[in-house]
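Q: First the structure, which I've put down as structure tokens, then a few questions once you've had a look.
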Amino acid sequence: MKVLTHNMMACTKKQCMGKGFPLGVECTESITLEQEFNYEFVKNIIPKLDWKGIQLIGEKLAITIPPFTEESLLDQEFLKSLYHLLCNVKIITGSLICPNCQRVYPIEKGIPNMLLREDEIYQDVRE
Amino acid sequence: MASELPHAKEPLIDHLTSKDFQNVYEPAQDSFLFIDSLQKDVDNLKALNPKIILEIGSGSGFIITFISQLLGTNGRYYMSTDINPHAALASSKTSDRNNANVDVINTCFIQGLERLKGSIDVLLFNPPYVPTPSEEVKEKGIVASWAGGVDGREVIDKLLPQIMNILSEKAFFYIVLVQENKPKQVISIMHSYGFQYQVVGKRKAFNELLYIIKFYR
């Protein structure tokens, strides 16, 4: 699971709609890919990002991104490190935790499992 | 029509074995028509210049890996989902085998990816389209890769109302349909959501008449 994917995620439970974000992160294994920096991509994605989510996962992965300001868009170093964090850092083993219901979603072999169990879906509908 | 064109360069899947294909749909005529149709539409895809590309139900990962190779990974973010954990893993392995850089999520459609809404520039869907009794749609594993319920439309019809919220304004949505799915009805449903269509691939394969249809606003 790459960092940009994390930024697009939320708890899948109905009861957590609007509250299940950003997901907490635990990481026991990660890898770093080598995608070349792309200015157009990062410029396009910035308006869609949630900075609270970026800060949260950055802290867990020990990659600091300075707070976003208007000037950040002109700051090559900022854009490069943001691109690197979003597209090149991938969690292989770990978990995601809903800030609202504390549901834990495991990440194994690089793949987060966002599926609810049958009983959780049933419970979700009842509530 | 597609037979006049050279076949698209297929991704390598030699890392998957017959054991994998007990749990994961093995690329077949529908998959081949899908990649040939994407190849044929490559100029339009390049003009669109998509940033975020997603396949729902990516199975072996054959199609999402193909489009990653077709358009390149620089400046593009490839994602795929599958409800079957074996398929999600196979997709990830196929991506790795071909350096396609696809991020895979084990989920149903885009559940859990709420914030992606409005950001997908290219959406790919090779649905479970085979007409079956409704009960089979709920089955897990490989059955989920083909069991489509009444008219093969039950899974397709669940996704269609979500499409307009998932896609970005200029996005393309490619879907595989067979004659039994009543493609004209699907086109009319999508039309009611404001989408035009183009048939980008059509092929008779054994007992199936396959279509690849592209929807766009």
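Identifiers for the structure tokens are assigned positionally: chains receive A, B, ... in sequence, residues are indexed from 1 per chain, and ligands are indexed from 1 in the order shown.
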For the interface of chain B with chain A (cut-off 10 Å, counting only C-alpha atoms), please tabulate each contacting residue of chain B alongside its nearest pair of atoms and their separation in Å to one decimal, rows sorted by chain and increasing number, as CSV.
A:
```
residue,atom,partner,partner_atom,distance
B:Pro50,CA,A:Phe41,CA,9.7
B:Lys51,CA,A:Phe41,CA,6.7
B:Ile52,CA,A:Phe41,CA,9.4
B:Thr73,CA,A:Gln35,CA,7.9
B:Asn74,CA,A:Glu36,CA,6.6
B:Gly75,CA,A:Phe41,CA,5.2
B:Arg76,CA,A:Phe41,CA,7.1
B:Tyr77,CA,A:Cys87,CA,7.8
B:Met79,CA,A:Thr5,CA,8.4
B:Thr81,CA,A:Ile111,CA,9.7
B:Asp82,CA,A:Asn113,CA,9.9
B:Ile83,CA,A:Leu115,CA,7.7
B:Asn84,CA,A:Leu115,CA,9.9
B:Pro85,CA,A:Asn113,CA,8.1
B:Ala88,CA,A:Ile111,CA,7.5
B:Leu89,CA,A:Ile111,CA,7.5
B:Ser92,CA,A:Ile111,CA,8.1
B:Lys93,CA,A:Lys109,CA,9.8
B:Asn101,CA,A:Gln35,CA,8.9
B:Val102,CA,A:Lys2,CA,9.6
B:Asp103,CA,A:Met1,CA,6.1
B:Val104,CA,A:Ile111,CA,5.8
B:Ile105,CA,A:Ile111,CA,5.4
B:Asn106,CA,A:Asn113,CA,4.7
B:Thr107,CA,A:Met114,CA,5.3
B:Cys108,CA,A:Leu115,CA,7.1
B:Ile110,CA,A:Met114,CA,9.5
B:Gln111,CA,A:Thr12,CA,6.1
B:Gly112,CA,A:Thr12,CA,4.7
B:Leu113,CA,A:Met9,CA,4.4
B:Glu114,CA,A:Met9,CA,6.0
B:Arg115,CA,A:Met8,CA,4.4
B:Leu116,CA,A:Met8,CA,5.4
B:Lys117,CA,A:Met8,CA,8.7
B:Gly118,CA,A:Lys48,CA,9.7
B:Ser119,CA,A:Lys48,CA,8.3
```
Q: Store the residues picked out above, limited to C-alpha atoms, as a tab-separated table (two decimals), in the first residue's frame.
A:
```
chain	number	residue	atom	x	y	z
B	50	PRO	CA	-4.72	10.04	-17.27
B	51	LYS	CA	-3.14	10.46	-13.84
B	52	ILE	CA	-5.08	7.88	-11.83
B	73	THR	CA	4.36	4.55	-15.16
B	74	ASN	CA	5.92	8.03	-15.08
B	75	GLY	CA	3.41	10.53	-13.73
B	76	ARG	CA	0.63	7.96	-13.52
B	77	TYR	CA	-0.78	6.13	-10.51
B	79	MET	CA	-4.46	0.92	-8.69
B	81	THR	CA	-9.04	-3.88	-6.41
B	82	ASP	CA	-10.36	-7.40	-6.09
B	83	ILE	CA	-12.74	-8.95	-3.55
B	84	ASN	CA	-10.86	-12.28	-3.80
B	85	PRO	CA	-7.64	-12.20	-1.73
B	88	ALA	CA	-5.45	-9.40	-5.21
B	89	LEU	CA	-2.17	-11.19	-4.55
B	92	SER	CA	0.25	-7.63	-7.24
B	93	LYS	CA	2.63	-10.37	-8.40
B	101	ASN	CA	3.86	-0.39	-10.32
B	102	VAL	CA	0.21	-1.18	-9.49
B	103	ASP	CA	-1.04	-0.62	-5.93
B	104	VAL	CA	-3.52	-3.39	-5.09
B	105	ILE	CA	-6.32	-3.31	-2.50
B	106	ASN	CA	-8.36	-6.31	-1.35
B	107	THR	CA	-11.87	-4.87	-1.38
B	108	CYS	CA	-15.25	-4.85	-3.10
B	110	ILE	CA	-13.90	0.82	-4.25
B	111	GLN	CA	-15.09	0.24	-0.68
B	112	GLY	CA	-12.69	1.88	1.73
B	113	LEU	CA	-11.37	4.19	-1.00
B	114	GLU	CA	-14.04	6.83	-0.48
B	115	ARG	CA	-11.73	9.76	-1.10
B	116	LEU	CA	-10.83	8.55	-4.60
B	117	LYS	CA	-14.24	9.66	-5.77
B	118	GLY	CA	-14.07	12.12	-8.68
B	119	SER	CA	-10.38	11.38	-9.26
```
Q: Could you check how far CA of Val137 in chain B sits from CA of Val150 in chain B, in Å to one decimal?
A: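 A separation of 9.4 Å between them.
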Q: My list of candidates is B:Asn126, B:Val178, B:Phe66, B:Asp121. Which is closest to Asn99 in chain B when distances are computed with only C-alpha atoms?
A: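 For Asn99 in chain B, the nearest of the given residues is B:Phe66.
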Q: Among range 53-182 of chain B, which ones does DSSP place in strand (DSSP E), written as a PDB file with N, CA, C and O atoms, in the first residue's frame?
A:
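Listing of result29.pdb after writing:
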```pdb
ATOM      1  N   ILE B  53      -5.404   5.650 -12.661  1.00  0.00           N
ATOM      2  CA  ILE B  53      -5.998   4.580 -13.450  1.00  0.00           C
ATOM      3  C   ILE B  53      -6.349   3.448 -12.500  1.00  0.00           C
ATOM      4  O   ILE B  53      -5.496   3.006 -11.725  1.00  0.00           O
ATOM      5  N   LEU B  54      -7.597   2.990 -12.535  1.00  0.00           N
ATOM      6  CA  LEU B  54      -8.052   1.949 -11.604  1.00  0.00           C
ATOM      7  C   LEU B  54      -8.765   0.833 -12.345  1.00  0.00           C
ATOM      8  O   LEU B  54      -9.588   1.080 -13.209  1.00  0.00           O
ATOM      9  N   GLU B  55      -8.429  -0.406 -11.967  1.00  0.00           N
ATOM     10  CA  GLU B  55      -9.221  -1.539 -12.442  1.00  0.00           C
ATOM     11  C   GLU B  55      -9.958  -2.146 -11.255  1.00  0.00           C
ATOM     12  O   GLU B  55      -9.352  -2.429 -10.210  1.00  0.00           O
ATOM     13  N   ILE B  56     -11.254  -2.363 -11.428  1.00  0.00           N
ATOM     14  CA  ILE B  56     -12.050  -3.045 -10.405  1.00  0.00           C
ATOM     15  C   ILE B  56     -12.143  -4.519 -10.776  1.00  0.00           C
ATOM     16  O   ILE B  56     -12.483  -4.851 -11.917  1.00  0.00           O
ATOM     17  N   TYR B  77      -0.607   6.937 -11.727  1.00  0.00           N
ATOM     18  CA  TYR B  77      -0.784   6.127 -10.515  1.00  0.00           C
ATOM     19  C   TYR B  77      -1.791   5.022 -10.835  1.00  0.00           C
ATOM     20  O   TYR B  77      -2.952   5.299 -11.131  1.00  0.00           O
ATOM     21  N   TYR B  78      -1.297   3.790 -10.795  1.00  0.00           N
ATOM     22  CA  TYR B  78      -2.142   2.639 -11.143  1.00  0.00           C
ATOM     23  C   TYR B  78      -2.600   1.919  -9.887  1.00  0.00           C
ATOM     24  O   TYR B  78      -1.787   1.634  -8.993  1.00  0.00           O
ATOM     25  N   MET B  79      -3.907   1.626  -9.834  1.00  0.00           N
ATOM     26  CA  MET B  79      -4.459   0.916  -8.688  1.00  0.00           C
ATOM     27  C   MET B  79      -5.387  -0.182  -9.198  1.00  0.00           C
ATOM     28  O   MET B  79      -5.974  -0.061 -10.269  1.00  0.00           O
ATOM     29  N   SER B  80      -5.519  -1.243  -8.391  1.00  0.00           N
ATOM     30  CA  SER B  80      -6.549  -2.227  -8.718  1.00  0.00           C
ATOM     31  C   SER B  80      -7.130  -2.792  -7.441  1.00  0.00           C
ATOM     32  O   SER B  80      -6.486  -2.791  -6.391  1.00  0.00           O
ATOM     33  N   THR B  81      -8.386  -3.242  -7.560  1.00  0.00           N
ATOM     34  CA  THR B  81      -9.039  -3.877  -6.411  1.00  0.00           C
ATOM     35  C   THR B  81      -9.557  -5.244  -6.830  1.00  0.00           C
ATOM     36  O   THR B  81      -9.824  -5.486  -8.010  1.00  0.00           O
ATOM     37  N   ASP B  82      -9.659  -6.140  -5.865  1.00  0.00           N
ATOM     38  CA  ASP B  82     -10.361  -7.403  -6.087  1.00  0.00           C
ATOM     39  C   ASP B  82     -10.899  -7.884  -4.751  1.00  0.00           C
ATOM     40  O   ASP B  82     -10.227  -7.741  -3.724  1.00  0.00           O
ATOM     41  N   VAL B 102       1.637  -1.260  -9.844  1.00  0.00           N
ATOM     42  CA  VAL B 102       0.211  -1.177  -9.493  1.00  0.00           C
ATOM     43  C   VAL B 102       0.051  -1.355  -7.988  1.00  0.00           C
ATOM     44  O   VAL B 102       0.639  -2.263  -7.410  1.00  0.00           O
ATOM     45  N   ASP B 103      -0.739  -0.474  -7.353  1.00  0.00           N
ATOM     46  CA  ASP B 103      -1.041  -0.618  -5.935  1.00  0.00           C
ATOM     47  C   ASP B 103      -2.375  -1.364  -5.815  1.00  0.00           C
ATOM     48  O   ASP B 103      -3.379  -0.922  -6.369  1.00  0.00           O
ATOM     49  N   VAL B 104      -2.354  -2.501  -5.118  1.00  0.00           N
ATOM     50  CA  VAL B 104      -3.519  -3.389  -5.087  1.00  0.00           C
ATOM     51  C   VAL B 104      -4.212  -3.356  -3.722  1.00  0.00           C
ATOM     52  O   VAL B 104      -3.543  -3.359  -2.686  1.00  0.00           O
ATOM     53  N   ILE B 105      -5.531  -3.320  -3.730  1.00  0.00           N
ATOM     54  CA  ILE B 105      -6.318  -3.309  -2.504  1.00  0.00           C
ATOM     55  C   ILE B 105      -7.326  -4.456  -2.555  1.00  0.00           C
ATOM     56  O   ILE B 105      -7.991  -4.650  -3.563  1.00  0.00           O
ATOM     57  N   ASN B 106      -7.397  -5.212  -1.456  1.00  0.00           N
ATOM     58  CA  ASN B 106      -8.358  -6.308  -1.354  1.00  0.00           C
ATOM     59  C   ASN B 106      -9.672  -5.734  -0.833  1.00  0.00           C
ATOM     60  O   ASN B 106      -9.842  -5.513   0.354  1.00  0.00           O
ATOM     61  N   ILE B 120     -10.774   9.368 -10.586  1.00  0.00           N
ATOM     62  CA  ILE B 120     -10.337   8.304 -11.493  1.00  0.00           C
ATOM     63  C   ILE B 120     -10.449   8.776 -12.943  1.00  0.00           C
ATOM     64  O   ILE B 120     -11.526   9.148 -13.399  1.00  0.00           O
ATOM     65  N   ASP B 121      -9.335   8.738 -13.663  1.00  0.00           N
ATOM     66  CA  ASP B 121      -9.317   9.197 -15.053  1.00  0.00           C
ATOM     67  C   ASP B 121      -9.591   8.064 -16.038  1.00  0.00           C
ATOM     68  O   ASP B 121     -10.109   8.290 -17.127  1.00  0.00           O
ATOM     69  N   VAL B 122      -9.175   6.854 -15.660  1.00  0.00           N
ATOM     70  CA  VAL B 122      -9.508   5.676 -16.466  1.00  0.00           C
ATOM     71  C   VAL B 122      -9.951   4.581 -15.506  1.00  0.00           C
ATOM     72  O   VAL B 122      -9.243   4.255 -14.548  1.00  0.00           O
ATOM     73  N   LEU B 123     -11.137   4.051 -15.761  1.00  0.00           N
ATOM     74  CA  LEU B 123     -11.671   2.943 -14.958  1.00  0.00           C
ATOM     75  C   LEU B 123     -11.876   1.744 -15.876  1.00  0.00           C
ATOM     76  O   LEU B 123     -12.452   1.874 -16.957  1.00  0.00           O
ATOM     77  N   LEU B 124     -11.363   0.599 -15.444  1.00  0.00           N
ATOM     78  CA  LEU B 124     -11.461  -0.629 -16.232  1.00  0.00           C
ATOM     79  C   LEU B 124     -12.266  -1.654 -15.443  1.00  0.00           C
ATOM     80  O   LEU B 124     -12.058  -1.814 -14.241  1.00  0.00           O
ATOM     81  N   PHE B 125     -13.156  -2.360 -16.128  1.00  0.00           N
ATOM     82  CA  PHE B 125     -13.975  -3.360 -15.422  1.00  0.00           C
ATOM     83  C   PHE B 125     -14.291  -4.518 -16.354  1.00  0.00           C
ATOM     84  O   PHE B 125     -14.975  -4.357 -17.349  1.00  0.00           O
ATOM     85  N   LEU B 167     -15.693   8.727 -11.308  1.00  0.00           N
ATOM     86  CA  LEU B 167     -14.870   9.246 -12.400  1.00  0.00           C
ATOM     87  C   LEU B 167     -14.603  10.748 -12.312  1.00  0.00           C
ATOM     88  O   LEU B 167     -15.438  11.505 -11.831  1.00  0.00           O
ATOM     89  N   SER B 168     -13.454  11.149 -12.827  1.00  0.00           N
ATOM     90  CA  SER B 168     -13.165  12.566 -13.015  1.00  0.00           C
ATOM     91  C   SER B 168     -13.957  13.045 -14.241  1.00  0.00           C
ATOM     92  O   SER B 168     -14.525  12.230 -14.978  1.00  0.00           O
ATOM     93  N   GLU B 169     -13.978  14.334 -14.454  1.00  0.00           N
ATOM     94  CA  GLU B 169     -14.849  14.912 -15.488  1.00  0.00           C
ATOM     95  C   GLU B 169     -14.588  14.340 -16.888  1.00  0.00           C
ATOM     96  O   GLU B 169     -15.517  14.032 -17.613  1.00  0.00           O
ATOM     97  N   LYS B 170     -13.302  14.172 -17.245  1.00  0.00           N
ATOM     98  CA  LYS B 170     -12.992  13.764 -18.625  1.00  0.00           C
ATOM     99  C   LYS B 170     -12.733  12.261 -18.772  1.00  0.00           C
ATOM    100  O   LYS B 170     -12.272  11.803 -19.809  1.00  0.00           O
ATOM    101  N   ALA B 171     -13.021  11.505 -17.717  1.00  0.00           N
ATOM    102  CA  ALA B 171     -12.579  10.107 -17.654  1.00  0.00           C
ATOM    103  C   ALA B 171     -13.187   9.188 -18.712  1.00  0.00           C
ATOM    104  O   ALA B 171     -14.238   9.467 -19.278  1.00  0.00           O
ATOM    105  N   PHE B 172     -12.472   8.088 -18.941  1.00  0.00           N
ATOM    106  CA  PHE B 172     -12.976   6.974 -19.756  1.00  0.00           C
ATOM    107  C   PHE B 172     -13.271   5.800 -18.830  1.00  0.00           C
ATOM    108  O   PHE B 172     -12.491   5.512 -17.917  1.00  0.00           O
ATOM    109  N   PHE B 173     -14.377   5.114 -19.111  1.00  0.00           N
ATOM    110  CA  PHE B 173     -14.731   3.889 -18.385  1.00  0.00           C
ATOM    111  C   PHE B 173     -14.899   2.778 -19.419  1.00  0.00           C
ATOM    112  O   PHE B 173     -15.746   2.867 -20.303  1.00  0.00           O
ATOM    113  N   TYR B 174     -14.053   1.756 -19.322  1.00  0.00           N
ATOM    114  CA  TYR B 174     -14.122   0.635 -20.254  1.00  0.00           C
ATOM    115  C   TYR B 174     -14.718  -0.578 -19.535  1.00  0.00           C
ATOM    116  O   TYR B 174     -14.285  -0.917 -18.426  1.00  0.00           O
ATOM    117  N   ILE B 175     -15.664  -1.238 -20.186  1.00  0.00           N
ATOM    118  CA  ILE B 175     -16.285  -2.422 -19.581  1.00  0.00           C
ATOM    119  C   ILE B 175     -16.439  -3.527 -20.626  1.00  0.00           C
ATOM    120  O   ILE B 175     -16.661  -3.244 -21.809  1.00  0.00           O
ATOM    121  N   VAL B 176     -16.300  -4.782 -20.166  1.00  0.00           N
ATOM    122  CA  VAL B 176     -16.577  -5.942 -21.020  1.00  0.00           C
ATOM    123  C   VAL B 176     -18.049  -6.302 -20.849  1.00  0.00           C
ATOM    124  O   VAL B 176     -18.544  -6.367 -19.717  1.00  0.00           O
ATOM    125  N   LEU B 177     -18.732  -6.528 -21.958  1.00  0.00           N
ATOM    126  CA  LEU B 177     -20.107  -7.028 -21.892  1.00  0.00           C
ATOM    127  C   LEU B 177     -20.258  -8.150 -22.905  1.00  0.00           C
ATOM    128  O   LEU B 177     -19.542  -8.176 -23.914  1.00  0.00           O
ATOM    129  N   VAL B 178     -21.185  -9.075 -22.644  1.00  0.00           N
ATOM    130  CA  VAL B 178     -21.538 -10.083 -23.651  1.00  0.00           C
ATOM    131  C   VAL B 178     -22.991  -9.821 -24.069  1.00  0.00           C
ATOM    132  O   VAL B 178     -23.718  -9.093 -23.381  1.00  0.00           O
TER     133      VAL B 178
END
```
Q: Identify all residues of chain A in helix (DSSP H, G or I) (DSSP on the backbone) and supply them as number ranges by chain.
A: A: 3-7, 14-16, 39-48, 51-60, 70-74, 76-88, 118-126
Q: Find the residues around range 140-144 of chain B up to 7 Å (only C-alpha atoms counted), leave out those fewer than 2 positions away in its own chain, and share them as a PyMOL selection string.
A: chain B and resi 23-25+84+128+137-138+146-147
